[in-house]
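Take a look at the structure below.
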Amino acid sequence: MLGRPVVLWEIIGPHQAVARASSGPDVGARPPGFDLDTILQRWSVRVPVGSRWVTAPGPTPEAWVVAPVRSRPPAPPPGGRERRSKDRLALELAGLALGLIATPGTPTRDAPVPSSGMLLHQASNPLTAARAGLQLAMESIGRWVDLAADRRLMLLDDLGEVLEDIDRTTELLRAVREHGTTRGAAPAGRPERFDAVRVIRSCLTLERRLLRDRGIDLDFTTALEATYLKGDPNVLFDLLVNLVRNVAEAGGEAPSPVSVRLDQKGKGLELTVRGRGGPANIEKVRGVAEGTFGGTVTVESALATGTKLTIALPLPPQREADRRAGL
């Protein structure tokens with residue numbers, strides 16, 4: 001949160017709190033002078049055994065930001081005037097998200113294992129609720145007239161990035177749910193029809209976030225909507241992940257952008273990946289493209305421009321129902 005570690009605490013007894021998880025490597029380490037129970041008692045907050053709280057260091061060494069883990073948003077502020085700090089609002093959202101995804105119990109060894117579809121459904125519901133709550137928070141902040149305009153704009157920008165991340169994650173879950181399988185679960189020898197555009201977008205959404213942390217831009221260009229291939233969507237996903245990560249490796253040079261383009265050429269899809277690096281094992285890439293999708297792979301490499309990989313994949317006849325599904 002804002003560059004500071006967040007710790008999840010559970011109250012296990014009177015005046016006893018243990019760290020259950022941390023965004024950093026120091027889970028279980030109690031910061032010097034930190035006493036969650038004393039902090040909450042100072043605020044006259046009831047601390048029931050079994051409750052969970054999230055904490056983060058405040059703007060000064062003596063300050064701490066604390067929020068409960070709960071499944072319902074807090075009541076509106078008195079008079080509609082928001083007095084919580086930006087840090088507190090962010091941590092309240094984290095506590096609400098953790099509360100929404102928490103399950104009421106831990107499955108036992110003999111309990112039935114939930115289906116992948118049920119797990120995806122359980123993951124999607126709290127994301128939808130969190131998005132709705134976040135939109136309400138952004139509307140409230142937009143009307144917050146006693147906050148300086150520049151600070152209000154900065155806060156809305158930060159929350160807007162969270163909203164975009166929720167949308168990307170929801171899109172990925174939708175893509176996984178629609179092709180009805182988890183990684184490796186599809187029966188061998190029985191290819192399925194799947195929306196290649198959606199799988200590629202989901203893959204690049206995740207890779208863009210990872211590359212951004214390394215200072216590498218990832219650009220994706222396509223004019224296509226729902227376009228269906230026949231094969232294993234997980235294979236296409238993994239193939240693109242490996243290609244993007246390999247061409248992003250510039251061999252010790254300064255980070256350079258990676259570009260991906262998807263076009264329809266005649267009766268096939270053409271996926272083009274460009275970057276300074278190169279595929280670690282082009283024969284494996286060619287084997288996957290040819291063996292799973294009946295496609296072809298061409299490679300162009302030059303010292304000045306880097307590597308360009310073009311994967312051509314034949315399209316099966318597109319059904320009218322497929323096109324309606326993409327709308």
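Every chain in the structure tokens has a letter given in the order shown (A, B, ...), and although residue numbers restart at 1 in each chain, ligands are simply numbered from 1 in the order shown.
Summary of the local environment: counting only C-alpha atoms, residues at most 9 Å from Pro5 in chain A, other than itself and those fewer than 2 positions away along its chain, are Met1, Leu2, Gly3, Val7, Ser22, Ser23, Gly24, Thr55, Ala56 and Pro57 of chain A.
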- Message: Excluding Gly142 in chain A and its own-chain neighbours fewer than 2 positions away, which residues fall within 9 Å of it when counting only C-alpha atoms? Please give them as a PyMOL selection string.
- Response: chain A and resi 137-140+144-145+152-153+156
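Considering only C-alpha atoms, the residue among A:Leu136, A:Lys86, A:Lys267, A:Asn242 positioned nearest to Arg151 in chain A is A:Lys86.
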- Message: Need to verify the contact set: Gly160 in chain A, 12 Å, only C-alpha atoms, exclusion of same-chain residues closer than 3 positions in sequence. Can you return it as a count of residues only?
- Response: 17
- Task: Taking the chain letters and numbering used in this document, name the residues of range 190-219 of chain A that DSSP puts in strand (DSSP E or B), as number ranges by chain.
- Result: A: 192-195, 218-219
Written selection (all heavy atoms) as a short mmCIF file (atom, residue, chain, number, x, y, z; two decimals), in the first residue's frame:
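The file below, again01.cif, is the result:
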```
data_model
loop_
_atom_site.label_atom_id
_atom_site.label_comp_id
_atom_site.auth_asym_id
_atom_site.auth_seq_id
_atom_site.Cartn_x
_atom_site.Cartn_y
_atom_site.Cartn_z
N GLU A 192 -10.81 -28.10 -28.32
CA GLU A 192 -12.04 -27.35 -28.12
C GLU A 192 -11.97 -26.04 -28.89
O GLU A 192 -10.90 -25.58 -29.29
CB GLU A 192 -12.24 -27.05 -26.63
CG GLU A 192 -11.08 -26.27 -26.02
CD GLU A 192 -11.32 -25.96 -24.56
OE1 GLU A 192 -12.25 -25.20 -24.28
OE2 GLU A 192 -10.56 -26.46 -23.72
N ARG A 193 -13.11 -25.46 -29.12
CA ARG A 193 -13.18 -24.14 -29.74
C ARG A 193 -13.08 -23.09 -28.64
O ARG A 193 -13.73 -23.19 -27.61
CB ARG A 193 -14.49 -23.98 -30.50
CG ARG A 193 -14.63 -24.92 -31.68
CD ARG A 193 -16.02 -24.84 -32.28
NE ARG A 193 -16.31 -23.51 -32.79
CZ ARG A 193 -15.98 -23.07 -34.00
NH1 ARG A 193 -15.32 -23.88 -34.82
NH2 ARG A 193 -16.29 -21.86 -34.41
N PHE A 194 -12.28 -22.08 -28.86
CA PHE A 194 -12.12 -21.02 -27.86
C PHE A 194 -11.83 -19.70 -28.55
O PHE A 194 -11.34 -19.67 -29.70
CB PHE A 194 -11.00 -21.37 -26.86
CG PHE A 194 -9.62 -21.40 -27.48
CD1 PHE A 194 -8.81 -20.27 -27.44
CD2 PHE A 194 -9.14 -22.55 -28.09
CE1 PHE A 194 -7.53 -20.30 -28.01
CE2 PHE A 194 -7.87 -22.59 -28.65
CZ PHE A 194 -7.07 -21.45 -28.61
N ASP A 195 -12.15 -18.62 -27.87
CA ASP A 195 -11.93 -17.27 -28.40
C ASP A 195 -10.45 -16.92 -28.24
O ASP A 195 -9.99 -16.62 -27.13
CB ASP A 195 -12.81 -16.27 -27.65
CG ASP A 195 -12.71 -14.85 -28.20
OD1 ASP A 195 -11.90 -14.64 -29.13
OD2 ASP A 195 -13.42 -13.98 -27.69
N LEU A 218 4.83 -2.94 -22.96
CA LEU A 218 4.26 -3.98 -23.81
C LEU A 218 3.07 -3.38 -24.55
O LEU A 218 2.11 -2.91 -23.93
CB LEU A 218 3.82 -5.18 -22.98
CG LEU A 218 3.05 -6.28 -23.72
CD1 LEU A 218 3.86 -6.86 -24.86
CD2 LEU A 218 2.62 -7.38 -22.75
N ASP A 219 3.13 -3.38 -25.87
CA ASP A 219 2.07 -2.80 -26.69
C ASP A 219 1.36 -3.91 -27.45
O ASP A 219 2.01 -4.76 -28.07
CB ASP A 219 2.68 -1.79 -27.67
CG ASP A 219 1.60 -1.18 -28.56
OD1 ASP A 219 0.70 -0.53 -28.02
OD2 ASP A 219 1.67 -1.37 -29.79
#
```
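What separates CA of Glu253 in chain A from CA of Asn281 in chain A is a distance of 20.7 Å.
The spacing separating CA of Pro68 in chain A from CA of Arg4 in chain A amounts to 17.7 Å.
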- Task: Within range 120-235 of chain A, find each residue whose DSSP state, derived from the backbone, is alpha helix (DSSP H), and express the selection as an NGL selection string.
- Result: :A and (120-142 or 149-178 or 196-212 or 233-235)
What's the 9 Å shell around Leu36 in chain A, counting only C-alpha atoms, without same-chain residues fewer than 3 positions away, as a PDB file with all heavy atoms, in the first residue's frame?
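The result, written out as result01.pdb:
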```pdb
ATOM      1  N   TRP A   9      -3.314  -9.468  10.632  1.00  0.00           N
ATOM      2  CA  TRP A   9      -3.236  -9.952  12.020  1.00  0.00           C
ATOM      3  C   TRP A   9      -4.522 -10.672  12.394  1.00  0.00           C
ATOM      4  O   TRP A   9      -5.602 -10.324  11.925  1.00  0.00           O
ATOM      5  CB  TRP A   9      -3.038  -8.786  12.995  1.00  0.00           C
ATOM      6  CG  TRP A   9      -1.803  -7.984  12.770  1.00  0.00           C
ATOM      7  CD1 TRP A   9      -1.646  -6.932  11.897  1.00  0.00           C
ATOM      8  CD2 TRP A   9      -0.539  -8.142  13.423  1.00  0.00           C
ATOM      9  NE1 TRP A   9      -0.374  -6.442  11.970  1.00  0.00           N
ATOM     10  CE2 TRP A   9       0.328  -7.155  12.897  1.00  0.00           C
ATOM     11  CE3 TRP A   9      -0.062  -9.007  14.396  1.00  0.00           C
ATOM     12  CZ2 TRP A   9       1.640  -7.021  13.313  1.00  0.00           C
ATOM     13  CZ3 TRP A   9       1.248  -8.875  14.825  1.00  0.00           C
ATOM     14  CH2 TRP A   9       2.085  -7.901  14.281  1.00  0.00           C
ATOM     15  N   HIS A  15      -5.461  -9.433  24.426  1.00  0.00           N
ATOM     16  CA  HIS A  15      -4.141  -8.795  24.303  1.00  0.00           C
ATOM     17  C   HIS A  15      -3.145  -9.673  23.540  1.00  0.00           C
ATOM     18  O   HIS A  15      -1.937  -9.562  23.750  1.00  0.00           O
ATOM     19  CB  HIS A  15      -3.565  -8.455  25.691  1.00  0.00           C
ATOM     20  CG  HIS A  15      -4.521  -7.719  26.561  1.00  0.00           C
ATOM     21  ND1 HIS A  15      -4.854  -6.401  26.356  1.00  0.00           N
ATOM     22  CD2 HIS A  15      -5.248  -8.121  27.639  1.00  0.00           C
ATOM     23  CE1 HIS A  15      -5.738  -6.014  27.282  1.00  0.00           C
ATOM     24  NE2 HIS A  15      -5.991  -7.043  28.066  1.00  0.00           N
ATOM     25  N   GLN A  16      -3.641 -10.538  22.636  1.00  0.00           N
ATOM     26  CA  GLN A  16      -2.758 -11.400  21.854  1.00  0.00           C
ATOM     27  C   GLN A  16      -3.142 -11.324  20.377  1.00  0.00           C
ATOM     28  O   GLN A  16      -4.283 -11.623  20.015  1.00  0.00           O
ATOM     29  CB  GLN A  16      -2.837 -12.858  22.317  1.00  0.00           C
ATOM     30  CG  GLN A  16      -2.145 -13.135  23.645  1.00  0.00           C
ATOM     31  CD  GLN A  16      -2.192 -14.610  23.985  1.00  0.00           C
ATOM     32  OE1 GLN A  16      -3.247 -15.174  24.208  1.00  0.00           O
ATOM     33  NE2 GLN A  16      -1.031 -15.238  23.998  1.00  0.00           N
ATOM     34  N   ALA A  17      -2.187 -10.921  19.559  1.00  0.00           N
ATOM     35  CA  ALA A  17      -2.395 -10.850  18.109  1.00  0.00           C
ATOM     36  C   ALA A  17      -1.199 -11.485  17.418  1.00  0.00           C
ATOM     37  O   ALA A  17      -0.056 -11.269  17.825  1.00  0.00           O
ATOM     38  CB  ALA A  17      -2.563  -9.405  17.663  1.00  0.00           C
ATOM     39  N   ILE A  39      -3.411  -0.027  20.475  1.00  0.00           N
ATOM     40  CA  ILE A  39      -3.860   0.959  19.494  1.00  0.00           C
ATOM     41  C   ILE A  39      -5.380   0.956  19.383  1.00  0.00           C
ATOM     42  O   ILE A  39      -6.034   2.010  19.413  1.00  0.00           O
ATOM     43  CB  ILE A  39      -3.223   0.661  18.119  1.00  0.00           C
ATOM     44  CG1 ILE A  39      -1.713   0.891  18.177  1.00  0.00           C
ATOM     45  CG2 ILE A  39      -3.845   1.534  17.029  1.00  0.00           C
ATOM     46  CD1 ILE A  39      -0.984   0.458  16.924  1.00  0.00           C
ATOM     47  N   LEU A  40      -5.967  -0.239  19.301  1.00  0.00           N
ATOM     48  CA  LEU A  40      -7.410  -0.325  19.146  1.00  0.00           C
ATOM     49  C   LEU A  40      -8.138   0.108  20.415  1.00  0.00           C
ATOM     50  O   LEU A  40      -9.190   0.759  20.351  1.00  0.00           O
ATOM     51  CB  LEU A  40      -7.801  -1.750  18.763  1.00  0.00           C
ATOM     52  CG  LEU A  40      -7.266  -2.230  17.396  1.00  0.00           C
ATOM     53  CD1 LEU A  40      -7.632  -3.685  17.167  1.00  0.00           C
ATOM     54  CD2 LEU A  40      -7.805  -1.369  16.276  1.00  0.00           C
ATOM     55  N   GLN A  41      -7.589  -0.251  21.591  1.00  0.00           N
ATOM     56  CA  GLN A  41      -8.212   0.163  22.838  1.00  0.00           C
ATOM     57  C   GLN A  41      -8.181   1.681  22.985  1.00  0.00           C
ATOM     58  O   GLN A  41      -9.108   2.284  23.526  1.00  0.00           O
ATOM     59  CB  GLN A  41      -7.499  -0.500  24.026  1.00  0.00           C
ATOM     60  CG  GLN A  41      -7.681  -2.011  24.114  1.00  0.00           C
ATOM     61  CD  GLN A  41      -9.126  -2.413  24.367  1.00  0.00           C
ATOM     62  OE1 GLN A  41      -9.936  -1.603  24.811  1.00  0.00           O
ATOM     63  NE2 GLN A  41      -9.448  -3.669  24.065  1.00  0.00           N
ATOM     64  N   TRP A  53      -7.306  -8.076  11.342  1.00  0.00           N
ATOM     65  CA  TRP A  53      -7.051  -6.664  11.068  1.00  0.00           C
ATOM     66  C   TRP A  53      -5.868  -6.551  10.116  1.00  0.00           C
ATOM     67  O   TRP A  53      -4.988  -7.412  10.103  1.00  0.00           O
ATOM     68  CB  TRP A  53      -6.739  -5.915  12.365  1.00  0.00           C
ATOM     69  CG  TRP A  53      -7.838  -6.009  13.387  1.00  0.00           C
ATOM     70  CD1 TRP A  53      -8.123  -7.085  14.184  1.00  0.00           C
ATOM     71  CD2 TRP A  53      -8.812  -5.015  13.684  1.00  0.00           C
ATOM     72  NE1 TRP A  53      -9.216  -6.826  14.966  1.00  0.00           N
ATOM     73  CE2 TRP A  53      -9.660  -5.555  14.688  1.00  0.00           C
ATOM     74  CE3 TRP A  53      -9.053  -3.727  13.214  1.00  0.00           C
ATOM     75  CZ2 TRP A  53     -10.715  -4.838  15.225  1.00  0.00           C
ATOM     76  CZ3 TRP A  53     -10.108  -3.006  13.751  1.00  0.00           C
ATOM     77  CH2 TRP A  53     -10.936  -3.559  14.745  1.00  0.00           C
ATOM     78  N   THR A  55      -2.770  -3.887   8.935  1.00  0.00           N
ATOM     79  CA  THR A  55      -2.050  -2.704   9.404  1.00  0.00           C
ATOM     80  C   THR A  55      -0.958  -2.344   8.400  1.00  0.00           C
ATOM     81  O   THR A  55      -0.470  -3.187   7.647  1.00  0.00           O
ATOM     82  CB  THR A  55      -1.396  -2.957  10.771  1.00  0.00           C
ATOM     83  OG1 THR A  55      -0.389  -3.976  10.634  1.00  0.00           O
ATOM     84  CG2 THR A  55      -2.414  -3.408  11.808  1.00  0.00           C
ATOM     85  N   VAL A  66      -4.657   1.326  10.590  1.00  0.00           N
ATOM     86  CA  VAL A  66      -5.279   0.052  10.963  1.00  0.00           C
ATOM     87  C   VAL A  66      -6.697   0.016  10.399  1.00  0.00           C
ATOM     88  O   VAL A  66      -7.413   1.020  10.430  1.00  0.00           O
ATOM     89  CB  VAL A  66      -5.321  -0.114  12.497  1.00  0.00           C
ATOM     90  CG1 VAL A  66      -5.936  -1.461  12.875  1.00  0.00           C
ATOM     91  CG2 VAL A  66      -3.931   0.019  13.094  1.00  0.00           C
TER      92      VAL A  66
END
```
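Straight-line separation from CA of Arg214 in chain A to CA of Pro233 in chain A: 27.2 Å.
Every protein, DNA or RNA residue with an atom at most 8 Å from Glu10 in chain A, where only C-alpha atoms count and chain neighbours fewer than 4 positions away do not, is listed here: Ala17, Val18, Ala19, Arg20, Gly50, Ser51, Arg52 and Trp53 of chain A.
If you measure from each of A:Ala90, A:Ile200, A:Val235, A:Ile216 to Val247 in chain A using only C-alpha atoms, the closest one turns out to be A:Ile216.
Nearest-residue note for Leu243 in chain A: choosing from A:Asp87, A:Glu62, A:Asp263, A:Glu207, the minimum distance belongs to A:Glu207, counting only C-alpha atoms.
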